[in-house]
>>> print(open('upload.cif').read())   # mmCIF, C-alpha atoms and all ligand atoms
data_input
loop_
_atom_site.label_atom_id
_atom_site.label_comp_id
_atom_site.auth_asym_id
_atom_site.auth_seq_id
_atom_site.Cartn_x
_atom_site.Cartn_y
_atom_site.Cartn_z
CA MET A 1 0.00 0.00 0.00
CA ASP A 2 1.27 3.49 -0.73
CA LEU A 3 -0.87 5.36 1.75
CA LEU A 4 -3.10 4.40 4.66
CA ILE A 5 -5.41 6.94 6.29
CA VAL A 6 -6.43 5.74 9.74
CA ASN A 7 -7.88 6.63 13.12
CA GLY A 8 -11.03 8.45 12.17
CA THR A 9 -14.72 8.04 11.43
CA VAL A 10 -15.02 7.50 7.68
CA LEU A 11 -17.87 9.25 5.87
CA THR A 12 -17.78 7.73 2.40
CA MET A 13 -20.65 9.94 1.12
CA GLU A 14 -21.84 6.98 -0.95
CA PRO A 15 -25.66 7.11 -1.11
CA GLY A 16 -27.14 5.48 1.98
CA ALA A 17 -23.76 4.58 3.53
CA LYS A 18 -23.39 4.66 7.31
CA PRO A 19 -20.37 6.30 9.02
CA ILE A 20 -17.56 3.81 9.67
CA VAL A 21 -16.29 4.31 13.21
CA ASP A 22 -12.54 3.64 13.51
CA GLY A 23 -12.34 3.26 9.77
CA ALA A 24 -9.48 3.46 7.30
CA VAL A 25 -8.82 4.23 3.65
CA ALA A 26 -6.06 2.50 1.70
CA VAL A 27 -4.52 4.04 -1.40
CA ARG A 28 -2.35 2.55 -4.11
CA GLY A 29 -0.96 5.00 -6.65
CA GLN A 30 -3.79 7.42 -7.31
CA ASP A 31 -6.62 5.04 -6.44
CA ILE A 32 -8.61 4.04 -3.37
CA VAL A 33 -8.15 0.28 -3.01
CA ALA A 34 -9.93 -0.30 0.30
CA VAL A 35 -12.37 1.54 2.57
CA GLY A 36 -13.79 0.05 5.74
CA PRO A 37 -13.24 -0.76 9.42
CA ARG A 38 -9.56 -0.45 10.26
CA GLU A 39 -9.00 -4.19 10.77
CA SER A 40 -10.41 -4.95 7.30
CA VAL A 41 -8.03 -2.65 5.46
CA PRO A 42 -4.69 -4.12 4.31
CA VAL A 43 -1.43 -3.07 5.97
CA PRO A 44 1.41 -2.13 5.87
CA ALA A 45 1.74 1.07 3.87
CA ALA A 46 4.65 3.25 2.85
CA LYS A 47 2.97 6.23 4.50
CA VAL A 48 0.32 6.50 7.21
CA LEU A 49 -1.82 9.58 7.82
CA ASP A 50 -3.35 9.67 11.30
CA ALA A 51 -6.73 11.45 11.39
CA GLY A 52 -6.39 11.86 15.16
CA GLY A 53 -9.84 10.52 15.94
CA GLY A 54 -11.52 13.05 13.59
CA LEU A 55 -13.42 12.58 10.34
CA ILE A 56 -12.13 11.07 7.09
CA LEU A 57 -14.23 12.17 4.10
CA PRO A 58 -14.09 12.97 0.39
CA GLY A 59 -12.64 16.36 -0.55
CA PHE A 60 -15.07 19.19 -1.23
CA VAL A 61 -15.80 20.10 -4.87
CA ASN A 62 -16.01 23.80 -5.75
CA THR A 63 -18.14 23.82 -8.91
CA HIS A 64 -17.77 27.51 -9.73
CA THR A 65 -15.03 30.00 -9.03
CA HIS A 66 -12.70 32.52 -10.61
CA LEU A 67 -9.52 31.50 -8.85
CA ALA A 68 -7.12 34.35 -9.60
CA MET A 69 -9.67 36.86 -8.32
CA VAL A 70 -8.36 36.09 -4.81
CA LEU A 71 -5.97 38.93 -5.64
CA LEU A 72 -8.99 41.30 -5.57
CA ARG A 73 -10.38 39.93 -2.29
CA GLY A 74 -12.04 42.70 -0.30
CA LEU A 75 -11.04 45.40 -2.78
CA ALA A 76 -14.59 46.73 -2.94
CA ASP A 77 -17.66 45.55 -1.04
CA ASP A 78 -21.23 46.56 -0.30
CA LEU A 79 -21.82 48.17 -3.71
CA PRO A 80 -24.41 47.78 -6.47
CA LEU A 81 -23.24 45.20 -9.02
CA LYS A 82 -22.74 47.70 -11.87
CA GLU A 83 -20.67 50.16 -9.83
CA TRP A 84 -18.71 47.32 -8.23
CA LEU A 85 -17.81 45.86 -11.64
CA GLU A 86 -17.24 49.03 -13.65
CA GLN A 87 -15.42 51.18 -11.11
CA HIS A 88 -13.52 48.56 -9.16
CA ILE A 89 -13.24 45.03 -10.51
CA TRP A 90 -12.76 45.68 -14.22
CA PRO A 91 -10.19 48.50 -13.80
CA ALA A 92 -8.24 46.36 -11.34
CA GLU A 93 -8.35 43.36 -13.69
CA LYS A 94 -7.25 45.52 -16.59
CA ALA A 95 -4.34 46.94 -14.61
CA VAL A 96 -2.91 43.80 -13.06
CA MET A 97 -4.22 40.60 -14.65
CA ASP A 98 -1.61 39.16 -16.98
CA ALA A 99 -0.29 35.62 -17.24
CA GLU A 100 2.11 36.17 -14.36
CA THR A 101 -0.45 37.55 -11.90
CA VAL A 102 -3.03 34.96 -12.92
CA LYS A 103 -0.40 32.33 -12.08
CA LEU A 104 0.23 33.91 -8.67
CA GLY A 105 -3.50 34.32 -7.98
CA THR A 106 -4.26 30.75 -9.01
CA LEU A 107 -1.46 29.33 -6.86
CA TRP A 108 -2.70 31.35 -3.89
CA ALA A 109 -6.30 30.32 -4.51
CA ALA A 110 -5.26 26.67 -4.74
CA VAL A 111 -3.47 26.93 -1.39
CA GLU A 112 -6.52 28.56 0.19
CA SER A 113 -8.80 25.91 -1.32
CA LEU A 114 -6.72 22.95 -0.15
CA LYS A 115 -6.44 24.29 3.39
CA ALA A 116 -10.23 24.57 3.41
CA GLY A 117 -10.65 20.93 2.34
CA VAL A 118 -11.42 21.65 -1.31
CA THR A 119 -9.75 19.06 -3.54
CA CYS A 120 -11.35 19.98 -6.88
CA VAL A 121 -11.98 23.44 -8.31
CA CYS A 122 -13.87 24.48 -11.43
CA ASP A 123 -12.29 27.70 -12.62
CA MET A 124 -13.65 30.24 -15.08
CA TYR A 125 -11.01 32.80 -15.88
CA PHE A 126 -8.36 33.73 -18.41
CA TYR A 127 -4.93 32.29 -19.39
CA ALA A 128 -6.16 28.71 -19.08
CA PRO A 129 -2.76 27.06 -19.78
CA THR A 130 -1.26 29.15 -16.96
CA VAL A 131 -4.13 28.21 -14.63
CA ALA A 132 -3.67 24.52 -15.46
CA GLU A 133 0.07 24.78 -14.80
CA ALA A 134 -0.52 26.44 -11.41
CA LEU A 135 -3.05 23.80 -10.35
CA GLU A 136 -0.68 21.01 -11.41
CA GLN A 137 2.12 22.62 -9.44
CA VAL A 138 0.01 22.60 -6.27
CA GLY A 139 -1.42 19.17 -7.14
CA ILE A 140 -5.11 20.07 -6.78
CA ARG A 141 -7.72 18.70 -9.20
CA GLY A 142 -9.20 21.26 -11.59
CA VAL A 143 -11.65 21.87 -14.37
CA VAL A 144 -10.07 24.56 -16.51
CA PRO A 145 -11.54 26.51 -19.44
CA GLU A 146 -10.51 29.56 -21.42
CA SER A 147 -13.53 31.90 -21.24
CA ILE A 148 -15.29 33.18 -24.34
CA ILE A 149 -16.93 36.58 -24.19
CA ASP A 150 -17.93 38.95 -27.01
CA PHE A 151 -15.25 41.52 -26.20
CA PRO A 152 -11.43 41.28 -25.81
CA THR A 153 -10.21 39.66 -22.57
CA PRO A 154 -6.77 39.94 -20.94
CA SER A 155 -5.76 36.69 -22.68
CA CYS A 156 -7.78 36.70 -25.92
CA PRO A 157 -8.30 39.59 -28.35
CA SER A 158 -11.46 37.99 -29.80
CA PRO A 159 -13.94 35.12 -29.28
CA GLU A 160 -12.38 33.36 -32.29
CA VAL A 161 -8.97 33.29 -30.61
CA ALA A 162 -10.59 32.11 -27.38
CA LEU A 163 -12.23 29.21 -29.24
CA GLU A 164 -8.91 28.27 -30.83
CA LYS A 165 -7.22 28.32 -27.43
CA GLN A 166 -10.02 26.20 -25.98
CA ARG A 167 -9.41 23.60 -28.69
CA GLU A 168 -5.66 23.54 -27.96
CA LEU A 169 -6.40 23.16 -24.26
CA CYS A 170 -8.80 20.27 -24.87
CA GLU A 171 -6.24 18.50 -27.02
CA ARG A 172 -3.38 19.06 -24.60
CA TYR A 173 -5.18 18.00 -21.42
CA ARG A 174 -7.35 15.11 -22.58
CA GLN A 175 -6.72 12.10 -20.32
CA HIS A 176 -4.78 14.22 -17.81
CA PRO A 177 -4.92 12.78 -14.27
CA LEU A 178 -5.64 16.15 -12.56
CA ILE A 179 -6.77 18.68 -15.15
CA THR A 180 -10.09 18.35 -16.95
CA PRO A 181 -10.13 20.79 -19.86
CA ALA A 182 -13.40 22.60 -20.38
CA VAL A 183 -15.08 25.15 -22.61
CA ALA A 184 -16.69 28.26 -21.12
CA ALA A 185 -19.00 30.88 -22.56
CA HIS A 186 -19.34 33.75 -20.09
CA ALA A 187 -23.13 34.24 -20.09
CA PRO A 188 -26.10 34.35 -22.47
CA TYR A 189 -26.12 38.19 -22.28
CA SER A 190 -22.38 38.63 -22.94
CA VAL A 191 -21.81 36.04 -25.69
CA ASN A 192 -23.86 35.98 -28.89
CA ALA A 193 -25.90 32.93 -29.86
CA LYS A 194 -23.47 31.86 -32.60
CA ASN A 195 -20.48 31.87 -30.27
CA ILE A 196 -22.37 30.09 -27.49
CA ALA A 197 -23.30 27.38 -29.99
CA LYS A 198 -19.68 27.07 -31.20
CA ALA A 199 -18.47 26.74 -27.61
CA ALA A 200 -21.06 24.07 -26.82
CA GLU A 201 -20.16 22.18 -30.00
CA LEU A 202 -16.50 22.17 -29.04
CA ALA A 203 -17.38 20.83 -25.58
CA GLU A 204 -19.43 18.10 -27.25
CA GLU A 205 -16.62 17.24 -29.67
CA PHE A 206 -14.18 16.62 -26.80
CA ASP A 207 -16.86 15.46 -24.34
CA VAL A 208 -15.73 18.00 -21.73
CA PRO A 209 -17.74 20.28 -19.41
CA PHE A 210 -19.42 23.33 -20.91
CA LEU A 211 -19.50 26.16 -18.37
CA ILE A 212 -21.77 29.19 -18.44
CA HIS A 213 -23.24 31.74 -16.00
CA VAL A 214 -27.04 31.55 -16.22
CA ALA A 215 -29.81 33.69 -14.69
CA GLU A 216 -27.67 35.20 -11.95
CA THR A 217 -29.57 38.48 -11.57
CA ARG A 218 -33.08 39.81 -11.80
CA TRP A 219 -31.80 42.20 -14.48
CA GLU A 220 -30.76 39.24 -16.68
CA MET A 221 -34.16 37.56 -16.28
CA GLU A 222 -36.09 40.75 -16.99
CA THR A 223 -33.93 41.64 -20.00
CA PHE A 224 -34.49 38.24 -21.61
CA GLN A 225 -38.21 38.37 -20.92
CA LYS A 226 -38.47 41.89 -22.34
CA GLU A 227 -36.16 41.53 -25.37
CA LYS A 228 -36.58 37.88 -26.32
CA GLY A 229 -39.86 36.95 -24.66
CA THR A 230 -38.21 34.04 -22.90
CA THR A 231 -36.08 33.16 -19.87
CA PRO A 232 -32.27 32.74 -20.00
CA VAL A 233 -32.66 28.97 -19.39
CA GLN A 234 -35.28 28.54 -22.16
CA TYR A 235 -33.18 30.69 -24.51
CA LEU A 236 -30.19 28.37 -24.03
CA ALA A 237 -32.39 25.28 -24.27
CA ASP A 238 -33.81 26.60 -27.57
CA LEU A 239 -30.25 27.14 -28.84
CA GLY A 240 -29.70 23.44 -28.15
CA VAL A 241 -26.63 24.07 -26.01
CA LEU A 242 -27.83 22.60 -22.69
CA SER A 243 -26.90 19.00 -21.94
CA SER A 244 -25.60 16.73 -19.21
CA ARG A 245 -22.14 18.26 -19.70
CA THR A 246 -23.41 21.79 -18.99
CA VAL A 247 -22.40 23.43 -15.71
CA ALA A 248 -24.81 26.33 -15.25
CA ALA A 249 -23.56 28.72 -12.59
CA HIS A 250 -26.14 30.47 -10.38
CA CYS A 251 -29.63 29.75 -11.85
CA VAL A 252 -31.07 32.12 -9.23
CA HIS A 253 -33.89 33.48 -11.39
CA VAL A 254 -35.57 30.42 -12.84
CA THR A 255 -39.20 29.45 -13.34
CA ALA A 256 -40.80 26.08 -12.58
CA GLU A 257 -40.60 25.35 -16.31
CA ASP A 258 -36.87 26.24 -16.27
CA ILE A 259 -36.28 23.81 -13.42
CA ALA A 260 -38.09 21.06 -15.33
CA THR A 261 -35.91 21.82 -18.38
CA LEU A 262 -32.70 21.69 -16.32
CA ALA A 263 -33.78 18.31 -14.91
CA GLU A 264 -34.87 16.91 -18.27
CA LEU A 265 -31.63 17.89 -20.04
CA GLY A 266 -29.42 16.73 -17.15
CA VAL A 267 -27.85 20.16 -16.66
CA GLY A 268 -25.69 20.56 -13.55
CA VAL A 269 -26.27 23.66 -11.43
CA ALA A 270 -23.35 25.31 -9.65
CA ALA A 271 -25.08 27.13 -6.80
CA ASN A 272 -23.25 30.07 -5.24
CA PRO A 273 -25.32 30.93 -2.17
CA VAL A 274 -22.86 33.33 -0.53
CA SER A 275 -21.91 35.26 -3.65
CA ASN A 276 -25.62 35.60 -4.49
CA LEU A 277 -26.33 36.90 -0.99
CA LYS A 278 -23.44 39.35 -0.99
CA LEU A 279 -24.34 40.85 -4.37
CA ALA A 280 -28.03 40.73 -3.39
CA SER A 281 -28.74 38.68 -6.53
CA GLY A 282 -31.31 36.51 -4.78
CA VAL A 283 -31.65 32.92 -3.57
CA ALA A 284 -31.59 30.04 -6.06
CA PRO A 285 -34.51 27.62 -5.56
CA LEU A 286 -32.29 24.65 -4.64
CA PRO A 287 -34.93 22.68 -2.71
CA GLN A 288 -37.23 22.78 -5.77
CA MET A 289 -34.34 21.82 -8.06
CA LEU A 290 -33.39 18.87 -5.85
CA ALA A 291 -37.03 17.76 -5.65
CA GLN A 292 -37.13 17.70 -9.47
CA GLY A 293 -33.86 15.73 -9.70
CA VAL A 294 -31.61 18.55 -10.94
CA LYS A 295 -27.89 17.89 -10.29
CA VAL A 296 -26.63 20.51 -7.82
CA GLY A 297 -23.23 21.36 -6.34
CA PHE A 298 -21.87 24.35 -4.46
CA GLY A 299 -19.53 27.05 -5.74
CA THR A 300 -17.86 29.94 -3.99
CA ASP A 301 -17.74 32.16 -7.08
CA GLY A 302 -14.69 34.46 -7.16
CA ALA A 303 -13.17 35.79 -3.94
CA ALA A 304 -13.99 39.32 -5.08
CA SER A 305 -17.65 38.58 -4.38
CA ASN A 306 -17.58 36.14 -1.46
CA ASN A 307 -14.80 36.91 -0.11
CA THR A 308 -13.21 33.53 0.50
CA LEU A 309 -12.95 30.15 -1.21
CA ASP A 310 -14.17 28.43 1.96
CA LEU A 311 -16.76 26.15 0.36
CA LEU A 312 -17.60 24.49 3.68
CA ARG A 313 -18.74 27.83 5.06
CA ASP A 314 -20.89 28.42 1.97
CA ALA A 315 -22.54 25.00 2.36
CA GLN A 316 -23.12 25.74 6.04
CA ILE A 317 -24.72 29.09 5.20
CA ALA A 318 -26.90 27.38 2.57
CA ALA A 319 -28.14 24.88 5.16
CA LEU A 320 -29.35 27.78 7.31
CA LEU A 321 -30.46 30.09 4.51
CA TYR A 322 -33.06 27.69 3.07
CA LYS A 323 -34.54 27.05 6.49
CA GLY A 324 -34.86 30.80 6.93
CA VAL A 325 -36.45 31.56 3.57
CA THR A 326 -38.85 28.60 3.61
CA GLY A 327 -39.74 28.75 7.31
CA ASP A 328 -39.14 25.00 7.36
CA PRO A 329 -36.40 23.72 9.72
CA THR A 330 -36.39 20.35 7.94
CA CYS A 331 -35.41 21.96 4.61
CA MET A 332 -31.87 21.17 3.34
CA PRO A 333 -30.89 18.82 6.19
CA ALA A 334 -27.21 18.17 6.97
CA PRO A 335 -26.92 14.89 5.00
CA THR A 336 -28.30 16.59 1.87
CA VAL A 337 -25.94 19.54 2.18
CA ALA A 338 -22.95 17.29 2.92
CA ALA A 339 -23.75 15.29 -0.22
CA LEU A 340 -23.92 18.43 -2.38
CA LEU A 341 -20.57 19.58 -1.00
CA THR A 342 -18.87 16.37 -2.17
CA ARG A 343 -20.70 13.88 -4.42
CA GLY A 344 -23.13 16.46 -5.83
CA GLY A 345 -20.31 18.75 -6.90
CA ALA A 346 -18.44 15.90 -8.58
CA GLU A 347 -21.58 14.90 -10.51
CA VAL A 348 -22.19 18.48 -11.65
CA LEU A 349 -18.66 18.55 -13.12
CA GLY A 350 -19.05 15.17 -14.84
CA LEU A 351 -16.53 13.67 -12.41
CA GLY A 352 -19.01 11.52 -10.47
CA LYS A 353 -17.29 8.29 -11.50
CA VAL A 354 -13.85 9.68 -10.59
CA VAL A 355 -14.24 11.48 -7.25
CA GLY A 356 -16.90 12.77 -4.84
CA THR A 357 -17.14 9.70 -2.60
CA LEU A 358 -14.68 7.34 -0.93
CA ALA A 359 -15.13 4.15 -2.92
CA VAL A 360 -12.81 1.46 -4.23
CA GLY A 361 -11.69 2.32 -7.76
CA LYS A 362 -12.14 6.07 -7.41
CA ARG A 363 -9.22 8.48 -7.23
CA ALA A 364 -8.08 9.20 -3.67
CA ASP A 365 -9.21 12.78 -2.95
CA VAL A 366 -9.52 12.64 0.83
CA VAL A 367 -9.78 15.14 3.67
CA CYS A 368 -9.10 14.54 7.36
CA LEU A 369 -11.02 16.92 9.58
CA ALA A 370 -9.92 17.29 13.20
CA THR A 371 -12.65 17.19 15.82
CA HIS A 372 -10.80 18.05 19.02
CA GLU A 373 -11.16 21.86 19.24
CA PRO A 374 -13.78 23.13 21.71
CA HIS A 375 -16.29 24.06 18.98
CA ALA A 376 -16.06 20.53 17.63
CA VAL A 377 -16.54 18.43 20.79
CA PRO A 378 -18.41 16.12 21.18
CA VAL A 379 -19.46 14.49 17.91
CA TYR A 380 -22.75 12.55 17.86
CA ASP A 381 -23.55 12.72 14.16
CA PRO A 382 -20.64 13.27 11.71
CA GLU A 383 -22.81 14.89 9.01
CA SER A 384 -24.44 17.27 11.47
CA HIS A 385 -20.96 18.02 12.79
CA LEU A 386 -19.65 18.81 9.31
CA ILE A 387 -22.51 21.14 8.39
CA TYR A 388 -23.25 22.87 11.70
CA ALA A 389 -20.04 22.83 13.76
CA ALA A 390 -16.88 22.22 11.71
CA ARG A 391 -14.63 24.99 10.43
CA ALA A 392 -12.27 25.04 7.48
CA SER A 393 -9.41 25.48 9.96
CA ASP A 394 -10.20 21.97 11.25
CA VAL A 395 -8.90 20.55 7.95
CA GLN A 396 -5.76 18.70 9.00
CA HIS A 397 -4.62 16.54 6.08
CA VAL A 398 -5.57 16.65 2.41
CA VAL A 399 -4.83 14.02 -0.22
CA VAL A 400 -5.49 14.58 -3.93
CA ASN A 401 -5.08 11.84 -6.52
CA GLY A 402 -3.31 9.72 -3.91
CA LYS A 403 -0.74 12.36 -3.07
CA THR A 404 -0.57 14.04 0.35
CA LEU A 405 -0.73 17.78 -0.32
CA VAL A 406 -1.54 19.06 3.17
CA GLU A 407 -0.21 17.43 6.32
CA ASN A 408 -0.96 18.86 9.77
CA HIS A 409 -2.32 22.06 8.18
CA LYS A 410 0.86 22.62 6.13
CA VAL A 411 0.82 22.70 2.33
CA LEU A 412 3.66 20.49 1.12
CA THR A 413 3.88 21.29 -2.58
CA VAL A 414 4.43 25.05 -2.67
CA ASP A 415 6.02 27.66 -0.38
CA GLU A 416 3.02 29.34 1.22
CA ASP A 417 5.09 32.08 2.89
CA ALA A 418 6.79 33.06 -0.36
CA LEU A 419 3.43 33.23 -2.15
CA ARG A 420 1.96 35.32 0.66
CA ARG A 421 4.78 37.86 0.31
CA GLU A 422 4.18 38.10 -3.44
CA VAL A 423 0.44 38.66 -2.97
CA PHE A 424 1.11 41.40 -0.42
CA ARG A 425 3.61 42.99 -2.83
CA LEU A 426 1.01 43.14 -5.61
CA ALA A 427 -1.82 44.58 -3.50
CA PRO A 428 -0.77 48.27 -3.65
CA LYS A 429 -0.70 48.07 -7.45
CA VAL A 430 -4.28 46.76 -7.47
CA ARG A 431 -5.45 49.54 -5.16
CA GLY A 432 -3.59 52.13 -7.22
CA ALA A 433 -5.44 51.07 -10.38
CA VAL A 434 -8.79 51.62 -8.70
CA GLU A 435 -7.70 54.97 -7.21
CA ALA A 436 -6.63 56.11 -10.70
CA VAL A 437 -10.10 55.36 -12.08
CA LYS A 438 -11.71 57.21 -9.18
CA ALA A 439 -9.43 60.24 -9.71
CA LYS A 440 -10.51 60.40 -13.36
CA GLY A 441 -14.12 60.50 -12.09
ZN ZN A 501 -18.94 33.50 -11.66
#
>>> encode(input="upload.cif", output="structure tokens")
Amino acid sequence: MDLLIVNGTVLTMEPGAKPIVDGAVAVRGQDIVAVGPRESVPVPAAKVLDAGGGLILPGFVNTHTHLAMVLLRGLADDLPLKEWLEQHIWPAEKAVMDAETVKLGTLWAAVESLKAGVTCVCDMYFYAPTVAEALEQVGIRGVVPESIIDFPTPSCPSPEVALEKQRELCERYRQHPLITPAVAAHAPYSVNAKNIAKAAELAEEFDVPFLIHVAETRWEMETFQKEKGTTPVQYLADLGVLSSRTVAAHCVHVTAEDIATLAELGVGVAANPVSNLKLASGVAPLPQMLAQGVKVGFGTDGAASNNTLDLLRDAQIAALLYKGVTGDPTCMPAPTVAALLTRGGAEVLGLGKVVGTLAVGKRADVVCLATHEPHAVPVYDPESHLIYAARASDVQHVVVNGKTLVENHKVLTVDEDALRREVFRLAPKVRGAVEAVKAKG
């Protein structure tokens, strides 16, 4: 055995599975080869990770984020979306986002993600080859697209170039153990129908995820209803671009008919409860989606609108939020939310056969969560504990694809202190860009 993870309660997150008290997970190469009570799992192993009596569970899957935007964390808050974007985020992106800073931001975001128990991230940003390189360097699993939008981006002067780069990416990363190439169209209001269709066709050709923001704001819904007489979801369905490989981020403003369409076409929804709350976009009808059989996972969205990549916190907030808005304390119970955080996210990204649960034959993406701090003692029900008591800082060890990336809270693959210094060094330049825009009025 290459790796044995022992001394914890194993939550496999397989449907219907019971927690395994004093369980263990055995790993050979990149794969899980045994999961069960400690005495049933083969020994010895080259390396043993001790979970210290805590929880052993699948890594969390962040189905929607813009990784490098961690560099803009907290730059501007509590503003209307338009002002926030036009006077703060876009000028800052224009001033500082090049391949080098995207690399730095992605590395930093990957470190933050891992330390919060996230083992798989679905990015949506620019300079995809650079993003893929950064994720490989850290060792985290990633879904990586180059984004298409109807105007020039920092990495692509036109949608045509973006499509070409997406094709190269798909060719280069097919069959890669960590990186899943993907194709992204920004949103139905920012990419024309022809380009959305081309992007979806490319995703189909390579059988990779097709990522798109859908129905995030009331403005988007009202604009489509007014100008096209339809909803954003129906518009995309009519274009024929929605399928089981679609990852639709947000879906806040959807009708009952939209939900039925999402279910029927097998579309995965990347729900971003905290980003939607912070930008006052609304609350996606997740309970209705789940009742209709829509695939759902959680996303943090970018750190400029969250402001962290702490997916566990977002899941925890979702568990409370839906109780509050429905007036029903049984809505979104802990086991449901825990499943969305892990298995649900993997299914949304088309990685349900690869990760998302601890099962023999799947890749070993495993998190050990300590349960000895005062806020975490005692533990009666591991899923309740995860959703209502645990904190990201309880994440002790993290394994991705069989490799130990975090041990005793320390990231092993990159120099966290050196990266921190670089991020601090860049921050004044980011602020300066925004000040310059303000000065111009
Ligand atoms: Zn987004």
>>> atom_distance(input="upload.cif", atom1="atom CA of Val10 of chain A", atom2="atom CA of Val366 of chain A")
10.2 Å
>>> closest_residue(input="upload.cif", among="A:Arg421, A:Arg343, A:Lys429, A:His66", to="ligand ZN 501 (chain A)", atoms="only C-alpha atoms and all ligand atoms")
A:His66
>>> closest_residue(input="upload.cif", among="A:Gln30, A:Thr101, A:Ser147, A:Ser158", to="ligand ZN 501 (chain A)", atoms="all atoms listed in the file")
A:Ser147
>>> residues_near_ligand(input="upload.cif", ligand="ligand ZN 501 (chain A)", cutoff="10 Å", atoms="only C-alpha atoms and all ligand atoms", output="list in words")
His64, Thr65, His66, Asp123, Met124, Tyr125, His186, Ala187, Leu211, Ile212, His213, Val214, Glu216, Ala248, Ala249, His250, Ala270, Asn272, Ser275, Gly299, Thr300, Asp301, Gly302, Ala303 and Ser305 of chain A
>>> atom_distance(input="upload.cif", atom1="atom CA of Glu347 of chain A", atom2="atom CA of Lys295 of chain A")
7.0 Å
>>> closest_residue(input="upload.cif", among="A:Ile387, A:Ala271, A:Leu85, A:Leu349", to="Leu320 of chain A", atoms="all atoms listed in the file")
A:Ile387
>>> residues_near_point(input="upload.cif", point="(-23.7, 36.5, -27.2)", cutoff="12 Å", atoms="all atoms listed in the file", output="PDB file with C-alpha atoms, keeping the file's coordinate frame")
ATOM      1  CA  ILE A 148     -15.290  33.180 -24.340  1.00  0.00           C
ATOM      2  CA  ILE A 149     -16.930  36.580 -24.190  1.00  0.00           C
ATOM      3  CA  ASP A 150     -17.930  38.950 -27.010  1.00  0.00           C
ATOM      4  CA  PHE A 151     -15.250  41.520 -26.200  1.00  0.00           C
ATOM      5  CA  PRO A 159     -13.940  35.120 -29.280  1.00  0.00           C
ATOM      6  CA  ALA A 185     -19.000  30.880 -22.560  1.00  0.00           C
ATOM      7  CA  HIS A 186     -19.340  33.750 -20.090  1.00  0.00           C
ATOM      8  CA  ALA A 187     -23.130  34.240 -20.090  1.00  0.00           C
ATOM      9  CA  PRO A 188     -26.100  34.350 -22.470  1.00  0.00           C
ATOM     10  CA  TYR A 189     -26.120  38.190 -22.280  1.00  0.00           C
ATOM     11  CA  SER A 190     -22.380  38.630 -22.940  1.00  0.00           C
ATOM     12  CA  VAL A 191     -21.810  36.040 -25.690  1.00  0.00           C
ATOM     13  CA  ASN A 192     -23.860  35.980 -28.890  1.00  0.00           C
ATOM     14  CA  ALA A 193     -25.900  32.930 -29.860  1.00  0.00           C
ATOM     15  CA  LYS A 194     -23.470  31.860 -32.600  1.00  0.00           C
ATOM     16  CA  ASN A 195     -20.480  31.870 -30.270  1.00  0.00           C
ATOM     17  CA  ILE A 196     -22.370  30.090 -27.490  1.00  0.00           C
ATOM     18  CA  ALA A 197     -23.300  27.380 -29.990  1.00  0.00           C
ATOM     19  CA  LYS A 198     -19.680  27.070 -31.200  1.00  0.00           C
ATOM     20  CA  ALA A 199     -18.470  26.740 -27.610  1.00  0.00           C
ATOM     21  CA  ILE A 212     -21.770  29.190 -18.440  1.00  0.00           C
ATOM     22  CA  PRO A 232     -32.270  32.740 -20.000  1.00  0.00           C
ATOM     23  CA  TYR A 235     -33.180  30.690 -24.510  1.00  0.00           C
ATOM     24  CA  LEU A 236     -30.190  28.370 -24.030  1.00  0.00           C
ATOM     25  CA  LEU A 239     -30.250  27.140 -28.840  1.00  0.00           C
TER      26      LEU A 239
END
>>> residues_near_point(input="upload.cif", point="(-9.9, 8.3, 12.5)", cutoff="12 Å", atoms="all atoms listed in the file", output="PyMOL selection string")
chain A and resi 4-11+19-25+36-38+48-57+367-372+382+396-397
>>> closest_atom_pairs(input="upload.cif", of="segment 209-297 of chain A", to="segment 73-84 of chain A", cutoff="10 Å", atoms="all atoms listed in the file", output="CSV")
residue,atom,partner,partner_atom,distance
A:Thr217,CA,A:Leu81,CA,9.6
A:Lys278,CA,A:Asp78,CA,7.6
A:Leu279,CA,A:Leu81,CA,6.5
A:Ala280,CA,A:Pro80,CA,8.5
A:Ser281,CA,A:Leu81,CA,8.9
>>> atom_distance(input="upload.cif", atom1="atom CA of Ala116 of chain A", atom2="atom CA of Val411 of chain A")
11.3 Å
>>> residues_around(input="upload.cif", residues="segment 129-146 of chain A", least_positions_apart="3", cutoff="6 Å", atoms="all atoms listed in the file", output="list in words")
Lys103, Leu107, Thr119, Cys120, Val121, Cys122, Asp123, Phe126, Gln166, Leu178, Ile179, Thr180, Pro181, Ala182, Val183, Ala184 and Thr413 of chain A
>>> write_last_selection(input="upload.cif", atoms="C-alpha atoms", output="mmCIF file, in the frame of the given file")
data_model
loop_
_atom_site.group_PDB
_atom_site.id
_atom_site.type_symbol
_atom_site.label_atom_id
_atom_site.label_comp_id
_atom_site.auth_asym_id
_atom_site.auth_seq_id
_atom_site.Cartn_x
_atom_site.Cartn_y
_atom_site.Cartn_z
ATOM 1 C CA LYS A 103 -0.400 32.330 -12.080
ATOM 2 C CA LEU A 107 -1.460 29.330 -6.860
ATOM 3 C CA THR A 119 -9.750 19.060 -3.540
ATOM 4 C CA CYS A 120 -11.350 19.980 -6.880
ATOM 5 C CA VAL A 121 -11.980 23.440 -8.310
ATOM 6 C CA CYS A 122 -13.870 24.480 -11.430
ATOM 7 C CA ASP A 123 -12.290 27.700 -12.620
ATOM 8 C CA PHE A 126 -8.360 33.730 -18.410
ATOM 9 C CA GLN A 166 -10.020 26.200 -25.980
ATOM 10 C CA LEU A 178 -5.640 16.150 -12.560
ATOM 11 C CA ILE A 179 -6.770 18.680 -15.150
ATOM 12 C CA THR A 180 -10.090 18.350 -16.950
ATOM 13 C CA PRO A 181 -10.130 20.790 -19.860
ATOM 14 C CA ALA A 182 -13.400 22.600 -20.380
ATOM 15 C CA VAL A 183 -15.080 25.150 -22.610
ATOM 16 C CA ALA A 184 -16.690 28.260 -21.120
ATOM 17 C CA THR A 413 3.880 21.290 -2.580
#
